[in-house]
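Have a look at the structure below, then the notes.
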Amino acid sequence: MKRIRGILSTLIILALVASGGTLIFSQAQVARAAPFSDSVDSPRIAQPDGGGTGLQVAGEVMDFAGTHAFTAASADAKDKNKESESEKNDEKSDTNKSGANVAETGAVDGSLPGDFPQATDRETDTEYFTTSIKDGDTVRAGEYEFTIRHLVPALKVMNVQTSVNAREQSQWQGRISLDEGVNKVRVAVNYADADGKVIAVYRDYTLYYYPDKAGAALAIHTSLTATSQADPFIVHNAECEFQASVTGGSGSARLTVVFDGVTLKGDAGSYKAAIEKINRTVTVRLRAADPAGSADITEYYYVKYIPIADETTAPRVRYINVTNGMSITGEDYTLDVDPVDYRGNAIGYQGVAVRLNGTLTDMRWMNEYLSYALVFNDGSNRLDIRLTDSEGRSADYSYEITCKRVSDGEPL
């Protein structure tokens, strides 16, 4: 009798499969069923979450009340995947013509380590995804939550990988762990198209994590470095960009940034300011105030804008009475030099620095030229001249001069 019932059960199951029907197993029966391949299109049994259960089929979870469902159509999809796998592997990898942060490969299983391609540094015009990460943001929590929005509906998401400071994070679940200070964050996504070709894409971000530590002193953090007015930070563009934030205190501290007398409004700790005047030191004042904690600190930094001097804008020597490699007899020599900027305007003595063998030499008199009284050493000497125009552009000139000293009464 048991044998007859077994034959009847088998016939019923075969009939259901042949007609595309659905077989319903209990959870215990699924566990005893033969394991499925972990390929991209094969179903995966999801781990129960609370009282619910589910089954991962082609990237979607189906929920059932205490049972798992497996359709014959899913099994057919697995077989079709096997049949086309050899054809897909014969295809050559396509080259993404638009470029960066993208790599493509032929169809892959996706379940094996190393199956996914690594995105290159070539940029692409296609926008595959965006995130809610604010590049340059300063945060107080070590766990940073963000979302990803996929923009190409035709592509299937294979997996998402994240790294912080080149250290790969665990399986992405909507958040990453940050290091205190600067964090270089990479979000990488592997997609598959309808033919099984995998496309690897990534985006890079920078986040700053400065935790609010209980009882910690109020502190200002900034990318500015020059705290001496005599040695300002030099920029070569008419716009200065920097980071600034405040931590510590009661947690309600506020930062005020004043650049050359103008209060700036930051964007997630990032500040930009235009520098109108060339070759002038600008003061940057950072003030952190914490009324709740009765704390108030102020720091000063200094910036100077000096345009880059190139062949067409560098100052030059219009006339000088020495040449490189020349020889002179006698140690005393009067140097005459006529320096001008790129517009042909004369440069005054304040913009000329003359050094003989490393020692700065003062100008003695000025008429048609700027004149300097030099005393050479016997033998080889090095003469260095730096010209700086009114806008801060500079140029250096060097000369090697050989001197033969003479004794008193000896003819020159």
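Each chain in the structure tokens gets a letter, A, B and so on, in the order shown; residues start at 1 in every chain, and ligands are counted from 1 in the order they appear.
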Quick one: which range 179-215 of chain A residues come within 12 Å of range 124-131 of chain A, and what is the nearest atom pair for each with the distance in Å to one decimal, counting only C-alpha atoms, rows ordered by chain and ascending number, as a tab-separated table?
```
residue	atom	partner	partner_atom	distance
A:Val185	CA	A:Thr131	CA	11.9
A:Arg186	CA	A:Thr131	CA	11.1
A:Val187	CA	A:Thr131	CA	8.7
A:Ala188	CA	A:Phe129	CA	9.8
A:Val189	CA	A:Phe129	CA	8.5
A:Asn190	CA	A:Tyr128	CA	10.2
A:Tyr191	CA	A:Tyr128	CA	9.2
A:Ala192	CA	A:Tyr128	CA	11.9
A:Ile199	CA	A:Tyr128	CA	9.8
A:Ala200	CA	A:Tyr128	CA	9.8
A:Val201	CA	A:Tyr128	CA	7.5
A:Tyr202	CA	A:Phe129	CA	8.9
A:Arg203	CA	A:Thr130	CA	8.5
A:Asp204	CA	A:Thr131	CA	10.6
A:Tyr205	CA	A:Thr131	CA	10.2
```
Export, as a CSV table (one decimal), in the first residue's frame, the selected residues with all heavy atoms.
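Just written: again_31.csv:
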```csv
chain,number,residue,atom,x,y,z
A,185,VAL,N,36.1,57.5,1.1
A,185,VAL,CA,35.1,56.5,1.0
A,185,VAL,C,34.9,56.1,-0.5
A,185,VAL,O,34.8,57.0,-1.4
A,185,VAL,CB,33.8,57.0,1.5
A,185,VAL,CG1,32.6,56.0,1.4
A,185,VAL,CG2,33.9,57.3,3.0
A,186,ARG,N,34.8,54.8,-0.8
A,186,ARG,CA,34.5,54.4,-2.2
A,186,ARG,C,33.2,53.5,-2.1
A,186,ARG,O,33.1,52.6,-1.3
A,186,ARG,CB,35.6,53.6,-2.8
A,186,ARG,CG,35.3,52.9,-4.1
A,186,ARG,CD,36.5,52.5,-4.8
A,186,ARG,NE,37.3,53.6,-5.3
A,186,ARG,CZ,38.4,53.5,-6.0
A,186,ARG,NH1,38.8,52.3,-6.5
A,186,ARG,NH2,39.1,54.6,-6.3
A,187,VAL,N,32.3,53.8,-3.0
A,187,VAL,CA,31.1,52.9,-3.1
A,187,VAL,C,31.1,52.3,-4.5
A,187,VAL,O,31.2,53.0,-5.5
A,187,VAL,CB,29.8,53.8,-3.0
A,187,VAL,CG1,28.6,52.9,-3.2
A,187,VAL,CG2,29.8,54.5,-1.6
A,188,ALA,N,31.2,51.0,-4.6
A,188,ALA,CA,31.3,50.3,-5.8
A,188,ALA,C,30.1,49.4,-6.0
A,188,ALA,O,29.6,48.7,-5.1
A,188,ALA,CB,32.6,49.4,-5.9
A,189,VAL,N,29.5,49.4,-7.2
A,189,VAL,CA,28.4,48.5,-7.6
A,189,VAL,C,28.7,47.7,-8.8
A,189,VAL,O,29.2,48.2,-9.8
A,189,VAL,CB,27.1,49.4,-7.8
A,189,VAL,CG1,25.9,48.5,-8.1
A,189,VAL,CG2,26.8,50.3,-6.6
A,190,ASN,N,28.3,46.4,-8.7
A,190,ASN,CA,28.4,45.5,-9.9
A,190,ASN,C,27.0,45.3,-10.4
A,190,ASN,O,26.2,44.8,-9.7
A,190,ASN,CB,29.1,44.2,-9.5
A,190,ASN,CG,30.6,44.4,-9.2
A,190,ASN,OD1,31.3,45.0,-9.9
A,190,ASN,ND2,31.0,43.9,-8.0
A,191,TYR,N,26.9,45.6,-11.7
A,191,TYR,CA,25.6,45.4,-12.4
A,191,TYR,C,25.7,44.2,-13.4
A,191,TYR,O,26.8,43.9,-13.9
A,191,TYR,CB,25.1,46.6,-13.1
A,191,TYR,CG,24.9,47.8,-12.3
A,191,TYR,CD1,25.8,48.8,-12.1
A,191,TYR,CD2,23.6,48.0,-11.6
A,191,TYR,CE1,25.5,49.9,-11.3
A,191,TYR,CE2,23.3,49.1,-10.8
A,191,TYR,CZ,24.3,50.1,-10.7
A,191,TYR,OH,24.0,51.1,-9.9
A,192,ALA,N,24.6,43.7,-13.8
A,192,ALA,CA,24.5,42.7,-14.9
A,192,ALA,C,23.4,43.1,-15.9
A,192,ALA,O,22.3,43.5,-15.4
A,192,ALA,CB,24.3,41.3,-14.4
A,199,ILE,N,29.0,44.9,-15.3
A,199,ILE,CA,29.5,46.3,-15.4
A,199,ILE,C,29.9,46.7,-14.0
A,199,ILE,O,29.0,46.7,-13.1
A,199,ILE,CB,28.5,47.2,-16.0
A,199,ILE,CG1,28.1,46.7,-17.4
A,199,ILE,CG2,29.1,48.6,-16.1
A,199,ILE,CD1,27.0,47.5,-18.0
A,200,ALA,N,31.1,47.1,-13.7
A,200,ALA,CA,31.6,47.5,-12.4
A,200,ALA,C,31.7,49.0,-12.4
A,200,ALA,O,32.4,49.6,-13.3
A,200,ALA,CB,32.9,46.8,-12.0
A,201,VAL,N,31.1,49.7,-11.4
A,201,VAL,CA,31.1,51.2,-11.4
A,201,VAL,C,31.4,51.6,-9.9
A,201,VAL,O,31.0,50.9,-9.0
A,201,VAL,CB,29.8,51.7,-11.8
A,201,VAL,CG1,29.9,53.3,-11.9
A,201,VAL,CG2,29.2,51.1,-13.0
A,202,TYR,N,32.2,52.7,-9.7
A,202,TYR,CA,32.4,53.2,-8.4
A,202,TYR,C,32.4,54.7,-8.4
A,202,TYR,O,32.6,55.4,-9.4
A,202,TYR,CB,33.7,52.6,-7.8
A,202,TYR,CG,34.9,53.2,-8.3
A,202,TYR,CD1,35.4,54.5,-7.9
A,202,TYR,CD2,35.7,52.5,-9.2
A,202,TYR,CE1,36.6,55.0,-8.3
A,202,TYR,CE2,36.9,53.1,-9.7
A,202,TYR,CZ,37.3,54.3,-9.3
A,202,TYR,OH,38.5,54.9,-9.7
A,203,ARG,N,32.1,55.2,-7.1
A,203,ARG,CA,32.2,56.7,-6.9
A,203,ARG,C,33.0,56.9,-5.6
A,203,ARG,O,32.9,56.1,-4.7
A,203,ARG,CB,30.8,57.3,-6.6
A,203,ARG,CG,30.0,57.5,-7.9
A,203,ARG,CD,28.6,58.0,-7.6
A,203,ARG,NE,27.8,58.4,-8.7
A,203,ARG,CZ,27.8,59.5,-9.4
A,203,ARG,NH1,28.6,60.5,-8.9
A,203,ARG,NH2,27.1,59.7,-10.5
A,204,ASP,N,33.8,57.9,-5.6
A,204,ASP,CA,34.6,58.3,-4.4
A,204,ASP,C,34.1,59.5,-3.7
A,204,ASP,O,33.6,60.5,-4.3
A,204,ASP,CB,36.1,58.5,-4.9
A,204,ASP,CG,36.8,57.2,-5.2
A,204,ASP,OD1,36.4,56.1,-4.7
A,204,ASP,OD2,37.7,57.3,-6.1
A,205,TYR,N,34.3,59.5,-2.4
A,205,TYR,CA,33.8,60.6,-1.6
A,205,TYR,C,34.9,60.9,-0.5
A,205,TYR,O,35.7,60.0,-0.1
A,205,TYR,CB,32.5,60.4,-0.9
A,205,TYR,CG,31.4,60.0,-1.8
A,205,TYR,CD1,31.2,58.7,-2.2
A,205,TYR,CD2,30.5,60.9,-2.3
A,205,TYR,CE1,30.1,58.3,-3.1
A,205,TYR,CE2,29.5,60.6,-3.2
A,205,TYR,CZ,29.3,59.3,-3.6
A,205,TYR,OH,28.3,58.9,-4.4
```
Between A:Tyr302, A:Leu370, A:Ile220, A:Ala226, which has the minimum distance to Asp260 in chain A (counting only C-alpha atoms)?
A:Tyr302
Which of A:Thr138, A:Asn345, A:Ser132, A:Thr313 sits closest to Ala268 in chain A [using only C-alpha atoms]
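With only C-alpha atoms as the atom set, the closest residue is A:Thr138.
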Would you please work out which residue, of A:Ala292, A:Val235, A:Asp179, A:Tyr349, is nearest to Gly249 in chain A when using only C-alpha atoms?
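Of A:Ala292, A:Val235, A:Asp179, A:Tyr349, the one nearest Gly249 in chain A is A:Ala292, counting only C-alpha atoms.
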How many Å separate CA of Val322 in chain A from CA of Asp341 in chain A?
20.0 Å
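Across the model, the gap from CA of Arg285 in chain A to CA of His221 in chain A is 12.7 Å.
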Find the residues near Ala244 in chain A: any atom within 8 Å, counting only C-alpha atoms, skip ones fewer than 4 places away on the same chain, and give them as a list in words.
Ile220, His221, Thr222, Ser223, Gly269, Ser270 and Tyr271 of chain A
Among range 225-398 of chain A, which ones does DSSP assign to helix (DSSP H, G or I) (computed from the backbone)? Answer as number ranges by chain.
A: 291-293, 349-351
Out of A:Ile401, A:Glu311, A:Ser371, A:Arg393, which residue has the shortest atom-to-atom distance to Leu356 in chain A when counting only C-alpha atoms?
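Comparing A:Ile401, A:Glu311, A:Ser371, A:Arg393 against Leu356 in chain A, the winner is A:Ile401.
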